[in-house]
file work18.cif (mmCIF, C-alpha atoms)
data_input
loop_
_atom_site.label_atom_id
_atom_site.label_comp_id
_atom_site.auth_asym_id
_atom_site.auth_seq_id
_atom_site.Cartn_x
_atom_site.Cartn_y
_atom_site.Cartn_z
CA MET G 595 -237.12 -207.09 58.62
CA ALA G 596 -236.92 -205.21 61.93
CA TYR G 597 -237.86 -206.97 65.15
CA VAL G 598 -241.58 -206.78 65.93
CA SER G 599 -242.88 -207.71 69.38
CA MET G 600 -246.08 -209.73 69.80
CA GLY G 601 -247.83 -206.71 71.30
CA GLU G 602 -246.79 -204.45 68.44
CA ALA G 603 -247.92 -207.08 65.91
CA HIS G 604 -251.32 -207.28 67.64
CA ARG G 605 -251.64 -203.48 67.48
CA ARG G 606 -250.78 -203.27 63.77
CA ILE G 607 -253.22 -206.01 62.79
CA THR G 608 -256.05 -204.54 64.88
CA GLU G 609 -255.40 -201.10 63.42
CA TYR G 610 -255.63 -202.48 59.87
CA LEU G 611 -258.84 -204.36 60.66
CA ASN G 612 -260.41 -201.18 62.06
CA ARG G 613 -259.35 -199.13 59.06
CA PHE G 614 -260.73 -201.73 56.64
CA CYS G 615 -264.08 -201.97 58.38
CA ASP G 616 -264.32 -198.18 58.69
CA ALA G 617 -263.54 -197.76 54.99
CA VAL G 618 -266.43 -200.09 54.14
CA SER G 619 -268.81 -198.62 56.72
CA TYR G 620 -268.18 -195.02 55.63
CA GLN G 621 -267.83 -195.99 51.94
CA ASP G 622 -264.36 -194.49 51.82
CA SER G 623 -263.11 -195.83 48.49
CA SER G 624 -259.75 -194.03 48.53
CA MET G 625 -258.90 -195.52 51.92
CA LEU G 626 -259.91 -198.98 50.73
CA CYS G 627 -257.72 -198.62 47.66
CA ARG G 628 -254.66 -197.88 49.81
CA LEU G 629 -255.39 -200.89 52.01
CA LEU G 630 -255.46 -203.26 49.01
CA SER G 631 -252.57 -201.95 46.90
CA PHE G 632 -249.97 -204.71 47.31
CA SER G 633 -247.79 -203.61 44.41
CA SER G 634 -247.33 -200.15 45.92
CA ASN G 635 -245.14 -201.75 48.62
CA SER G 636 -246.33 -199.07 51.01
CA PRO G 637 -244.59 -199.03 54.42
CA SER G 638 -247.92 -199.57 56.22
CA LEU G 639 -248.69 -202.75 54.26
CA LEU G 640 -245.13 -204.05 54.65
CA SER G 641 -245.26 -203.44 58.40
CA LEU G 642 -248.62 -205.24 58.54
CA ALA G 643 -247.10 -208.19 56.69
CA ASP G 644 -244.27 -208.34 59.22
CA ALA G 645 -246.81 -208.27 62.02
CA LEU G 646 -248.81 -211.10 60.44
CA ASN G 647 -245.72 -213.26 60.15
CA VAL G 648 -245.00 -212.67 63.86
CA PHE G 649 -248.54 -213.08 65.20
CA GLN G 650 -249.38 -216.07 62.96
CA ASP G 651 -253.01 -216.29 64.16
CA ALA G 652 -254.75 -213.21 62.79
CA SER G 653 -257.87 -215.30 62.13
CA SER G 654 -258.53 -215.44 65.87
CA LEU G 655 -258.54 -211.62 66.02
CA ILE G 656 -261.04 -211.52 63.16
CA ARG G 657 -263.36 -214.03 64.86
CA GLN G 658 -263.28 -212.24 68.22
CA SER G 659 -265.16 -209.20 66.93
CA ASP G 660 -268.51 -209.07 65.13
CA LYS G 661 -267.26 -205.94 63.39
CA PHE G 662 -264.33 -207.85 61.88
CA SER G 663 -265.97 -211.25 61.40
CA GLU G 664 -268.55 -209.75 59.01
CA TYR G 665 -265.71 -209.56 56.48
CA GLY G 666 -263.87 -212.57 57.82
CA GLU G 667 -263.57 -214.49 54.54
CA ILE G 668 -262.26 -211.45 52.72
CA LEU G 669 -259.75 -210.50 55.41
CA ALA G 670 -258.47 -214.00 56.15
CA HIS G 671 -257.51 -214.64 52.50
CA LEU G 672 -256.09 -211.13 52.16
CA PHE G 673 -253.85 -211.65 55.21
CA ARG G 674 -252.60 -215.02 53.92
CA SER G 675 -251.77 -213.45 50.58
CA LEU G 676 -249.93 -210.55 52.20
CA GLN G 677 -247.92 -212.93 54.41
CA SER G 678 -246.81 -215.01 51.44
CA TYR G 679 -246.08 -211.91 49.37
CA ARG G 680 -243.84 -210.50 52.08
CA VAL G 681 -241.67 -213.62 52.25
CA GLY G 682 -241.45 -213.88 48.45
CA ASN G 683 -243.73 -216.91 47.99
CA LEU G 684 -245.54 -215.43 45.01
CA VAL G 685 -247.48 -218.51 43.91
CA GLU G 686 -249.03 -218.93 47.35
CA ALA G 687 -249.63 -215.18 47.48
CA TYR G 688 -251.53 -215.37 44.20
CA LEU G 689 -253.64 -218.36 45.25
CA ALA G 690 -254.71 -216.61 48.46
CA PHE G 691 -255.31 -213.32 46.64
CA GLU G 692 -257.53 -215.09 44.11
CA LYS G 693 -259.70 -216.39 46.96
CA PHE G 694 -259.77 -212.90 48.47
CA ALA G 695 -260.73 -211.40 45.10
CA ASN G 696 -263.61 -213.84 44.65
CA ALA G 697 -264.90 -213.02 48.13
CA PHE G 698 -264.51 -209.28 47.52
CA VAL G 699 -266.35 -209.46 44.19
CA GLN G 700 -269.20 -211.32 45.84
CA GLU G 701 -269.43 -208.63 48.52
CA PHE G 702 -269.24 -205.94 45.84
CA ARG G 703 -272.24 -207.48 44.09
CA ASN G 704 -274.25 -207.06 47.28
CA TRP G 705 -273.50 -203.33 47.54
CA GLU G 706 -276.18 -201.38 45.73
CA SER G 707 -274.12 -198.32 44.87
CA ALA G 708 -270.84 -198.12 42.96
CA TRP G 709 -268.90 -196.48 45.80
CA ALA G 710 -266.24 -199.24 45.82
CA LEU G 711 -265.60 -199.21 42.08
CA GLU G 712 -262.08 -197.75 42.43
CA ALA G 713 -261.25 -200.40 45.02
CA LEU G 714 -262.47 -203.07 42.62
CA TYR G 715 -260.13 -201.60 40.01
CA VAL G 716 -257.26 -202.06 42.46
CA VAL G 717 -258.24 -205.71 43.01
CA CYS G 718 -258.34 -206.31 39.23
CA TYR G 719 -254.99 -204.62 38.71
CA GLU G 720 -253.32 -206.39 41.63
CA ILE G 721 -254.46 -209.87 40.61
CA ARG G 722 -253.05 -209.38 37.11
CA ILE G 723 -249.70 -208.09 38.40
CA LEU G 724 -249.49 -210.79 41.06
CA ALA G 725 -250.34 -213.48 38.48
CA GLU G 726 -247.51 -212.28 36.23
CA LYS G 727 -245.06 -212.45 39.14
CA ALA G 728 -246.32 -215.90 40.17
CA ASP G 729 -245.87 -217.19 36.62
CA LYS G 730 -242.28 -215.94 36.60
CA GLU G 731 -241.68 -217.89 39.81
CA LEU G 732 -243.25 -221.02 38.30
CA THR G 733 -241.16 -220.68 35.14
CA SER G 734 -237.95 -220.24 37.15
CA ASN G 735 -238.79 -223.47 38.99
CA GLY G 736 -239.32 -225.36 35.74
CA LYS G 737 -243.11 -225.45 36.09
CA SER G 738 -245.83 -224.42 33.67
CA PRO G 739 -247.01 -220.80 34.11
CA GLU G 740 -250.78 -220.84 34.57
CA LYS G 741 -251.74 -218.09 37.00
CA LEU G 742 -252.19 -215.30 34.45
CA LYS G 743 -254.66 -217.45 32.56
CA ALA G 744 -256.53 -218.04 35.81
CA ALA G 745 -256.50 -214.30 36.49
CA GLY G 746 -258.07 -213.77 33.06
CA SER G 747 -260.95 -216.06 34.03
CA LEU G 748 -261.51 -214.12 37.24
CA LEU G 749 -261.43 -210.81 35.36
CA MET G 750 -264.10 -212.17 33.01
CA LYS G 751 -266.20 -212.86 36.08
CA VAL G 752 -265.76 -209.27 37.24
CA PHE G 753 -266.63 -208.07 33.75
CA GLY G 754 -269.88 -210.02 33.99
CA VAL G 755 -270.70 -208.37 37.31
CA LEU G 756 -270.16 -204.88 35.92
CA ALA G 757 -271.70 -205.16 32.47
CA GLY G 758 -275.29 -205.13 33.69
CA LYS G 759 -277.65 -202.28 34.36
CA GLY G 760 -276.95 -199.62 36.96
CA PRO G 761 -274.13 -197.27 37.97
CA LYS G 762 -271.54 -200.05 38.23
CA ARG G 763 -271.55 -200.59 34.47
CA VAL G 764 -269.11 -197.71 33.93
CA GLY G 765 -266.40 -199.96 35.42
CA ALA G 766 -266.74 -202.52 32.63
CA LEU G 767 -264.29 -200.71 30.38
CA TYR G 768 -261.51 -200.64 32.99
CA VAL G 769 -261.84 -204.39 33.49
CA THR G 770 -261.90 -204.87 29.73
CA CYS G 771 -258.57 -203.07 29.50
CA GLN G 772 -257.12 -205.35 32.18
CA LEU G 773 -258.37 -208.31 30.16
CA PHE G 774 -256.67 -206.92 27.05
CA LYS G 775 -253.38 -206.60 28.93
CA THR G 776 -253.79 -210.17 30.15
CA TYR G 777 -254.61 -211.62 26.74
CA PHE G 778 -251.83 -209.71 24.98
CA LYS G 779 -249.37 -210.95 27.59
CA LEU G 780 -250.58 -214.52 27.09
CA GLY G 781 -250.51 -214.16 23.31
CA THR G 782 -254.22 -215.02 23.06
CA VAL G 783 -255.41 -211.79 21.45
CA ASN G 784 -258.23 -213.66 19.71
CA LEU G 785 -260.01 -213.74 23.06
CA CYS G 786 -260.23 -209.94 23.01
CA ARG G 787 -262.69 -209.92 20.15
CA SER G 788 -265.52 -211.40 22.18
CA VAL G 789 -265.05 -208.83 24.92
CA ILE G 790 -264.91 -206.03 22.34
CA ARG G 791 -268.22 -207.12 20.86
CA SER G 792 -269.79 -207.09 24.30
CA ILE G 793 -268.50 -203.58 25.01
CA GLU G 794 -269.22 -202.06 21.61
CA THR G 795 -272.71 -203.50 21.40
CA ALA G 796 -273.27 -202.59 25.07
CA ARG G 797 -275.41 -205.60 25.95
CA ILE G 798 -276.76 -207.02 29.18
CA PHE G 799 -275.68 -210.42 30.45
CA ASP G 800 -275.32 -212.19 33.73
CA PHE G 801 -272.25 -214.29 34.45
CA GLU G 802 -274.23 -216.63 36.66
CA GLU G 803 -276.39 -217.62 33.68
CA PHE G 804 -273.40 -219.33 32.08
CA PRO G 805 -272.81 -223.09 32.40
CA ARG G 806 -270.25 -224.01 35.04
CA ARG G 807 -267.93 -225.55 32.46
CA ASP G 808 -267.83 -222.20 30.64
CA LYS G 809 -266.87 -220.37 33.81
CA LEU G 810 -263.77 -222.52 34.02
CA GLY G 811 -262.52 -221.93 30.47
CA THR G 812 -261.78 -218.43 29.25
CA VAL G 813 -262.36 -219.28 25.58
CA ASN G 814 -265.75 -220.83 26.21
CA LEU G 815 -266.56 -218.04 28.63
CA CYS G 816 -266.02 -215.43 25.92
CA ARG G 817 -268.30 -217.35 23.59
CA SER G 818 -270.91 -217.56 26.29
CA VAL G 819 -270.78 -213.79 26.71
CA ILE G 820 -271.67 -213.44 23.05
CA ARG G 821 -274.41 -216.08 23.23
CA SER G 822 -275.90 -214.24 26.19
CA ILE G 823 -276.21 -210.96 24.28
CA GLU G 824 -279.60 -209.30 24.50
CA THR G 825 -280.93 -206.35 22.59
CA ALA G 826 -281.13 -203.49 25.09
CA ARG G 827 -278.46 -200.76 24.88
CA ILE G 828 -277.35 -199.76 28.38
CA PHE G 829 -274.55 -197.20 28.02
CA ASP G 830 -272.67 -194.96 25.65
CA PHE G 831 -268.91 -195.21 25.12
CA GLU G 832 -268.38 -191.55 25.93
CA GLU G 833 -269.61 -191.98 29.49
CA PHE G 834 -266.51 -193.99 30.42
CA PRO G 835 -263.50 -192.26 32.04
CA ARG G 836 -260.98 -190.84 29.55
CA ARG G 837 -258.19 -193.02 30.95
CA ASP G 838 -260.13 -196.19 30.15
CA LYS G 839 -261.23 -194.99 26.72
CA VAL G 840 -257.63 -194.27 25.73
CA THR G 841 -256.45 -197.71 26.89
CA TYR G 842 -259.38 -199.41 25.18
CA MET G 843 -258.75 -197.62 21.87
CA TYR G 844 -255.04 -198.43 22.10
CA TYR G 845 -255.60 -202.17 22.46
CA THR G 846 -258.45 -202.38 19.94
CA GLY G 847 -256.27 -200.37 17.57
CA ARG G 848 -253.49 -202.91 18.00
CA LEU G 849 -255.94 -205.69 17.22
CA GLU G 850 -256.91 -203.92 14.00
CA VAL G 851 -253.21 -203.70 13.10
CA PHE G 852 -252.89 -207.47 13.50
CA ASN G 853 -256.01 -207.88 11.35
CA GLU G 854 -254.49 -205.48 8.76
CA ASN G 855 -257.59 -203.32 8.96
CA PHE G 856 -255.56 -200.13 8.72
CA PRO G 857 -258.38 -197.53 8.39
CA ALA G 858 -259.97 -198.86 11.60
CA ALA G 859 -256.57 -199.04 13.30
CA ASP G 860 -255.89 -195.45 12.26
CA THR G 861 -259.21 -194.29 13.74
CA LYS G 862 -258.72 -196.07 17.06
CA LEU G 863 -255.04 -195.29 17.58
CA SER G 864 -255.53 -191.67 16.53
CA TYR G 865 -258.31 -191.39 19.11
CA ALA G 866 -255.98 -192.81 21.75
CA LEU G 867 -253.23 -190.36 20.77
CA GLN G 868 -255.51 -187.31 20.71
CA HIS G 869 -257.02 -188.07 24.12
CA CYS G 870 -253.87 -189.31 25.86
CA ASN G 871 -252.51 -187.11 28.63
CA PRO G 872 -249.72 -185.09 26.93
CA LYS G 873 -247.56 -185.49 30.03
CA ARG G 874 -247.58 -189.28 29.65
CA GLU G 875 -244.80 -189.44 27.08
CA ARG G 876 -244.24 -193.16 27.60
CA ASN G 877 -247.90 -193.85 26.76
CA ILE G 878 -247.73 -191.59 23.71
CA ARG G 879 -244.67 -193.48 22.53
CA MET G 880 -246.49 -196.81 22.96
CA ILE G 881 -249.37 -195.54 20.82
CA LEU G 882 -247.05 -194.15 18.14
CA LYS G 883 -245.20 -197.48 17.89
CA TYR G 884 -248.34 -198.82 16.20
CA LEU G 885 -249.83 -195.66 14.73
CA ILE G 886 -246.73 -194.86 12.67
CA PRO G 887 -246.72 -198.19 10.74
CA VAL G 888 -250.46 -197.71 10.18
CA LYS G 889 -249.98 -194.17 8.86
CA LEU G 890 -247.14 -195.33 6.60
CA SER G 891 -249.37 -198.08 5.22
CA LEU G 892 -251.96 -195.42 4.37
CA GLY G 893 -249.39 -193.22 2.64
CA VAL G 894 -248.95 -190.70 5.45
CA ILE G 895 -245.30 -190.03 6.35
CA PRO G 896 -244.55 -188.60 9.83
CA LYS G 897 -242.13 -185.75 10.41
CA ASP G 898 -238.63 -186.51 11.66
CA GLU G 899 -239.22 -184.19 14.64
CA LEU G 900 -241.98 -186.49 15.89
CA LEU G 901 -239.74 -189.55 15.70
CA GLN G 902 -236.94 -187.76 17.53
CA LYS G 903 -239.18 -186.28 20.23
CA TYR G 904 -240.54 -189.69 21.25
CA ASN G 905 -237.31 -191.63 20.70
CA LEU G 906 -238.68 -193.71 17.82
CA HIS G 907 -235.37 -193.91 16.00
CA GLU G 908 -236.13 -197.40 14.68
CA TYR G 909 -238.53 -195.78 12.20
CA MET G 910 -236.13 -193.12 10.92
CA ASN G 911 -234.63 -195.17 8.07
CA VAL G 912 -238.01 -196.72 7.23
CA VAL G 913 -239.39 -193.22 6.67
CA GLN G 914 -236.32 -192.13 4.70
CA ALA G 915 -236.61 -195.22 2.49
CA LEU G 916 -240.19 -194.29 1.64
CA ARG G 917 -239.25 -190.71 0.86
CA LYS G 918 -236.32 -191.68 -1.38
CA GLY G 919 -237.66 -194.87 -2.93
CA ASP G 920 -234.63 -196.69 -1.50
CA LEU G 921 -235.45 -200.38 -1.24
CA ARG G 922 -232.00 -201.21 0.08
CA LEU G 923 -232.42 -198.78 2.98
CA LEU G 924 -235.83 -200.21 3.87
CA ARG G 925 -234.53 -203.78 3.97
CA HIS G 926 -231.52 -202.69 6.02
CA ALA G 927 -233.80 -200.92 8.53
CA LEU G 928 -236.03 -204.00 8.86
CA GLN G 929 -233.01 -206.22 9.37
CA GLU G 930 -231.40 -203.89 11.92
CA HIS G 931 -234.52 -203.65 14.08
CA GLU G 932 -236.00 -207.05 13.25
CA ASP G 933 -236.28 -208.26 16.86
CA ARG G 934 -237.98 -205.06 18.02
CA PHE G 935 -240.46 -205.03 15.13
CA LEU G 936 -241.25 -208.72 15.60
CA ARG G 937 -241.90 -208.24 19.33
CA SER G 938 -244.24 -205.35 18.53
CA GLY G 939 -246.02 -207.35 15.85
CA VAL G 940 -245.47 -204.74 13.12
CA TYR G 941 -242.70 -206.40 11.11
CA LEU G 942 -245.00 -207.76 8.41
CA VAL G 943 -246.81 -204.42 8.20
CA LEU G 944 -243.52 -202.64 7.58
CA GLU G 945 -242.31 -205.31 5.16
CA LYS G 946 -245.35 -204.65 2.96
CA LEU G 947 -244.19 -201.05 2.54
CA GLU G 948 -241.87 -202.37 -0.17
CA LEU G 949 -244.59 -201.78 -2.75
CA GLN G 950 -244.76 -198.09 -1.85
CA VAL G 951 -240.96 -197.88 -2.06
CA TYR G 952 -241.08 -199.45 -5.53
CA GLN G 953 -243.70 -196.88 -6.50
CA ARG G 954 -241.49 -194.02 -5.29
CA LEU G 955 -238.51 -195.47 -7.17
CA MET G 956 -240.57 -195.72 -10.39
CA LYS G 957 -241.64 -192.11 -9.90
CA LYS G 958 -238.02 -190.96 -9.56
CA ILE G 959 -237.06 -192.82 -12.75
CA TYR G 960 -240.04 -191.23 -14.50
CA ILE G 961 -239.03 -187.72 -13.37
CA ILE G 962 -235.42 -188.22 -14.52
CA GLN G 963 -236.58 -189.57 -17.89
CA LYS G 964 -239.04 -186.70 -18.28
CA LEU G 965 -236.17 -184.23 -17.93
CA SER G 966 -233.96 -186.01 -20.46
CA ASP G 967 -236.58 -187.18 -22.97
CA PRO G 968 -240.00 -185.55 -22.33
CA ALA G 969 -241.63 -187.16 -25.37
CA ARG G 970 -240.96 -190.69 -24.10
CA ALA G 971 -241.24 -190.02 -20.37
CA HIS G 972 -244.33 -192.22 -20.01
CA GLN G 973 -242.48 -195.27 -21.37
CA LEU G 974 -240.25 -196.96 -18.80
CA LYS G 975 -238.04 -199.77 -20.04
CA LEU G 976 -237.77 -202.73 -17.69
CA GLU G 977 -234.02 -202.75 -18.28
CA VAL G 978 -233.76 -199.19 -16.92
CA ILE G 979 -235.69 -200.22 -13.81
CA ALA G 980 -233.42 -203.27 -13.40
CA LYS G 981 -230.34 -201.02 -13.62
CA ALA G 982 -231.75 -198.71 -10.93
CA LEU G 983 -232.29 -201.71 -8.67
CA ARG G 984 -228.78 -202.99 -9.32
CA TRP G 985 -227.47 -199.58 -8.30
CA LEU G 986 -229.27 -200.23 -5.00
CA GLU G 987 -227.46 -203.62 -4.85
CA ILE G 988 -230.69 -205.51 -5.58
CA ASP G 989 -230.17 -207.92 -8.43
CA MET G 990 -233.32 -208.76 -10.43
CA ASP G 991 -233.76 -210.19 -13.91
CA LEU G 992 -236.32 -208.71 -16.29
CA ASP G 993 -238.94 -211.35 -15.47
CA GLU G 994 -238.78 -210.42 -11.78
CA VAL G 995 -239.00 -206.71 -12.60
CA GLU G 996 -241.98 -207.41 -14.84
CA CYS G 997 -243.66 -209.27 -12.00
CA ILE G 998 -243.11 -206.34 -9.61
CA MET G 999 -244.54 -203.88 -12.15
CA THR G 1000 -247.58 -206.11 -12.68
CA ILE G 1001 -248.25 -206.06 -8.95
CA LEU G 1002 -247.87 -202.28 -8.77
CA ILE G 1003 -250.37 -201.85 -11.60
CA TYR G 1004 -252.77 -204.35 -10.04
CA LYS G 1005 -252.53 -202.61 -6.64
CA ASN G 1006 -253.22 -199.24 -8.33
CA LEU G 1007 -249.86 -197.84 -7.25
CA VAL G 1008 -249.01 -197.32 -10.91
CA LYS G 1009 -251.47 -196.39 -13.66
CA GLY G 1010 -250.62 -197.88 -17.04
CA TYR G 1011 -250.06 -201.21 -18.73
CA LEU G 1012 -247.22 -203.60 -19.45
CA ALA G 1013 -246.07 -204.13 -23.04
CA HIS G 1014 -244.71 -207.64 -22.59
CA LYS G 1015 -243.05 -208.08 -25.98
CA SER G 1016 -241.18 -204.79 -25.90
CA LYS G 1017 -240.45 -205.05 -22.15
CA VAL G 1018 -241.81 -201.57 -21.48
CA VAL G 1019 -244.18 -200.13 -18.90
CA VAL G 1020 -246.46 -197.60 -20.55
CA LEU G 1021 -247.62 -195.08 -17.94
CA SER G 1022 -250.83 -193.13 -17.98
CA LYS G 1023 -250.31 -189.52 -18.99
CA GLN G 1024 -252.62 -188.42 -16.17
CA ASP G 1025 -251.65 -189.18 -12.58
CA PRO G 1026 -249.43 -192.22 -13.30
CA PHE G 1027 -248.55 -192.62 -9.60
CA PRO G 1028 -251.79 -192.27 -7.58
CA LYS G 1029 -251.56 -191.21 -3.96
CA LEU G 1030 -253.08 -193.48 -1.34
CA ASN G 1031 -254.91 -190.56 0.30
CA GLY G 1032 -255.42 -192.44 3.54
CA LYS G 1033 -256.53 -195.69 1.90
CA PRO G 1034 -254.68 -199.02 2.11
CA VAL G 1035 -252.69 -200.27 -0.87
CA GLY G 1036 -254.97 -202.04 -3.33
CA SER G 1037 -258.23 -200.71 -1.91
#
call {"tool": "encode", "arguments": {"input": "work18.cif", "output": "structure tokens"}}
result
Amino acid sequence: MAYVSMGEAHRRITEYLNRFCDAVSYQDSSMLCRLLSFSSNSPSLLSLADALNVFQDASSLIRQSDKFSEYGEILAHLFRSLQSYRVGNLVEAYLAFEKFANAFVQEFRNWESAWALEALYVVCYEIRILAEKADKELTSNGKSPEKLKAAGSLLMKVFGVLAGKGPKRVGALYVTCQLFKTYFKLGTVNLCRSVIRSIETARIFDFEEFPRRDKLGTVNLCRSVIRSIETARIFDFEEFPRRDKVTYMYYTGRLEVFNENFPAADTKLSYALQHCNPKRERNIRMILKYLIPVKLSLGVIPKDELLQKYNLHEYMNVVQALRKGDLRLLRHALQEHEDRFLRSGVYLVLEKLELQVYQRLMKKIYIIQKLSDPARAHQLKLEVIAKALRWLEIDMDLDEVECIMTILIYKNLVKGYLAHKSKVVVLSKQDPFPKLNGKPVGS
């Protein structure tokens, strides 16, 4: 940190105060956004932080002017947060920023128009990022991380402010997306469902109607949101900004993946992919990480060019295993990328592709048998299937093979019946291996 004189510190602080008040007075949202963007580490904010740590009594400057004192509570907490942030005390920075955010949200409620909506987005984004950093600091000091959970409660409060009538309601989806990011980070994705229901049913509720105990607990707060639902529709999903719609569909699509509701996941993730900015390759890759397992589960196999273009090499062998009916290759691919698939939450989805691989293997055996003995092509001996599996280094006795075939027939991946005594699968002469055609296995 370069040396800053007392006079220079006074000048920097006064300049910031003037710019903040002017931004509010002239409803200059873009200026206000720049003044609140901590994570940008802009030179102007860093120089202000240095000035605050030299001057030490910025509150007196705020009180000396009616122009500044009108926003005194907001500015005082913001300055304390910036001071702590600059010296690396992230927990204290978060605590002060949370107080600033509460004061800012209260002021935002009093403004009739939605001119400061983008600035509110910055506040919501910054509190989430700052909470994550504060939790890392707590964890490194052997303490329990709790700030991100607290940030989630504050974001729910903001959601309540925005989800009423009027022009501010369009901001509800952005805050919802910040809540999704918070809940996914915390591993409490079940909390997303209540917010989704509030968005998709587009209801009116007022946060202040909730009991105080519910305001303190995110779980109870979500339930209160649902209990407060009324009947009037207030907005249409298409009126939200594209950026927010893509993020919303991405996270709700991920939730549907976890729920194994693959048709719904396909719809939501495909929407996100189609509307995502084509220049945002990282975002496209994030969407495809979940859309590809969904498509595979519905019987749709992506092209290798797509996997290569977006560096999704972990799916290459999975796709090849499905094409070839190679169970050994599928298991090897799952084992090789187990950690990555587990972190993404798609491991179990991919593991269930085994049934489709069995189906493809049965089809290959059927085709080979049809060439050598057309008259008996529809009769597959369990011993022949067991030999094919052994060739793939998968050792199964006839009882296990019979069990697999029973499941395939039950799941409608194979049409036919099992002749138990003769240990033969008798295939239907018409379409013995039905395609999924975009439907989940067994539907």
call {"tool": "atom_distance", "arguments": {"input": "work18.cif", "atom1": "atom CA of Ser1022 of chain G", "atom2": "atom CA of Lys964 of chain G"}}
result
13.4 Å
call {"tool": "atom_distance", "arguments": {"input": "work18.cif", "atom1": "atom CA of Gly847 of chain G", "atom2": "atom CA of Glu948 of chain G"}}
result
22.9 Å
call {"tool": "resolve_selection", "arguments": {"input": "work18.cif", "expression": "the PyMOL selection byres ((chain G and resi 944) around 9)", "output": "list in words"}}
result
Pro887, Val888, Leu890, Ser891, Val912, Leu924, Leu928, Phe935, Val940, Tyr941, Leu942, Val943, Glu945, Lys946, Leu947 and Glu948 of chain G
call {"tool": "residues_around", "arguments": {"input": "work18.cif", "residues": "Phe834 of chain G", "least_positions_apart": "3", "cutoff": "12 Å", "atoms": "all atoms listed in the file", "output": "list in words"}}
result
Pro761, Lys762, Arg763, Val764, Gly765, Ala766, Leu767, Tyr768, Val769, Thr770, Ile793, Phe829, Asp830, Phe831, Arg837, Asp838, Lys839, Val840, Thr841 and Tyr842 of chain G
call {"tool": "closest_residue", "arguments": {"input": "work18.cif", "among": "G:Lys737, G:Lys751, G:His907, G:Arg605", "to": "Ala695 of chain G", "atoms": "only C-alpha atoms"}}
result
G:Lys751
call {"tool": "residues_around", "arguments": {"input": "work18.cif", "residues": "Ala687 of chain G", "least_positions_apart": "3", "cutoff": "7 Å", "atoms": "all atoms listed in the file", "output": "list in words"}}
result
Ser675, Leu676, Ser678, Tyr679, Asn683, Leu684, Ala690 and Phe691 of chain G
call {"tool": "resolve_selection", "arguments": {"input": "work18.cif", "expression": "the PyMOL selection byres ((chain G and resi 883) around 10)", "output": "PyMOL selection string"}}
result
chain G and resi 848+877-882+884-888+901+904+906+908-909+935+938+940
call {"tool": "atom_distance", "arguments": {"input": "work18.cif", "atom1": "atom CA of Leu916 of chain G", "atom2": "atom CA of Leu986 of chain G"}}
result
14.1 Å
call {"tool": "closest_residue", "arguments": {"input": "work18.cif", "among": "G:Leu955, G:Glu726, G:Leu669, G:Leu949", "to": "Tyr1004 of chain G", "atoms": "all atoms listed in the file"}}
result
G:Leu949
call {"tool": "resolve_selection", "arguments": {"input": "work18.cif", "expression": "the PyMOL selection byres ((chain G and resi 1009) around 9)", "output": "PyMOL selection string"}}
result
chain G and resi 1002-1004+1006-1008+1010-1011+1020-1028
call {"tool": "residues_near_point", "arguments": {"input": "work18.cif", "point": "(-254.8, -193.0, 21.8)", "cutoff": "8 Å", "atoms": "all atoms listed in the file", "output": "PyMOL selection string"}}
result
chain G and resi 840-841+843-844+862-870+878+881
call {"tool": "write_last_selection", "arguments": {"input": "work18.cif", "atoms": "C-alpha atoms", "output": "mmCIF file, keeping the file's coordinate frame"}}
result
data_model
loop_
_atom_site.group_PDB
_atom_site.id
_atom_site.type_symbol
_atom_site.label_atom_id
_atom_site.label_comp_id
_atom_site.auth_asym_id
_atom_site.auth_seq_id
_atom_site.Cartn_x
_atom_site.Cartn_y
_atom_site.Cartn_z
ATOM 1 C CA VAL G 840 -257.630 -194.270 25.730
ATOM 2 C CA THR G 841 -256.450 -197.710 26.890
ATOM 3 C CA MET G 843 -258.750 -197.620 21.870
ATOM 4 C CA TYR G 844 -255.040 -198.430 22.100
ATOM 5 C CA LYS G 862 -258.720 -196.070 17.060
ATOM 6 C CA LEU G 863 -255.040 -195.290 17.580
ATOM 7 C CA SER G 864 -255.530 -191.670 16.530
ATOM 8 C CA TYR G 865 -258.310 -191.390 19.110
ATOM 9 C CA ALA G 866 -255.980 -192.810 21.750
ATOM 10 C CA LEU G 867 -253.230 -190.360 20.770
ATOM 11 C CA GLN G 868 -255.510 -187.310 20.710
ATOM 12 C CA HIS G 869 -257.020 -188.070 24.120
ATOM 13 C CA CYS G 870 -253.870 -189.310 25.860
ATOM 14 C CA ILE G 878 -247.730 -191.590 23.710
ATOM 15 C CA ILE G 881 -249.370 -195.540 20.820
#
call {"tool": "closest_residue", "arguments": {"input": "work18.cif", "among": "G:Leu655, G:Met990, G:Ala725, G:Leu892", "to": "Leu611 of chain G", "atoms": "all atoms listed in the file"}}
result
G:Leu655
call {"tool": "residues_around", "arguments": {"input": "work18.cif", "residues": "Lys981 of chain G", "least_positions_apart": "5", "cutoff": "12 Å", "atoms": "all atoms listed in the file", "output": "number ranges by chain"}}
result
G: 955-956, 959, 974-976, 986-992, 995
call {"tool": "closest_residue", "arguments": {"input": "work18.cif", "among": "G:Arg680, G:Gly754, G:Glu977, G:Pro739", "to": "Arg703 of chain G", "atoms": "all atoms listed in the file"}}
result
G:Gly754
call {"tool": "closest_residue", "arguments": {"input": "work18.cif", "among": "G:Ser633, G:Asn696, G:Ser624, G:Thr608", "to": "Ser659 of chain G", "atoms": "only C-alpha atoms"}}
result
G:Thr608
call {"tool": "residues_near_point", "arguments": {"input": "work18.cif", "point": "(-235.2, -190.5, -15.4)", "cutoff": "12 Å", "atoms": "all atoms listed in the file", "output": "list in words"}}
result
Leu955, Met956, Lys957, Lys958, Ile959, Tyr960, Ile961, Ile962, Gln963, Lys964, Leu965, Ser966, Asp967, Pro968, Arg970, Ala971, His972, Gln973, Leu974, Lys975, Val978, Ile979, Lys981 and Ala982 of chain G
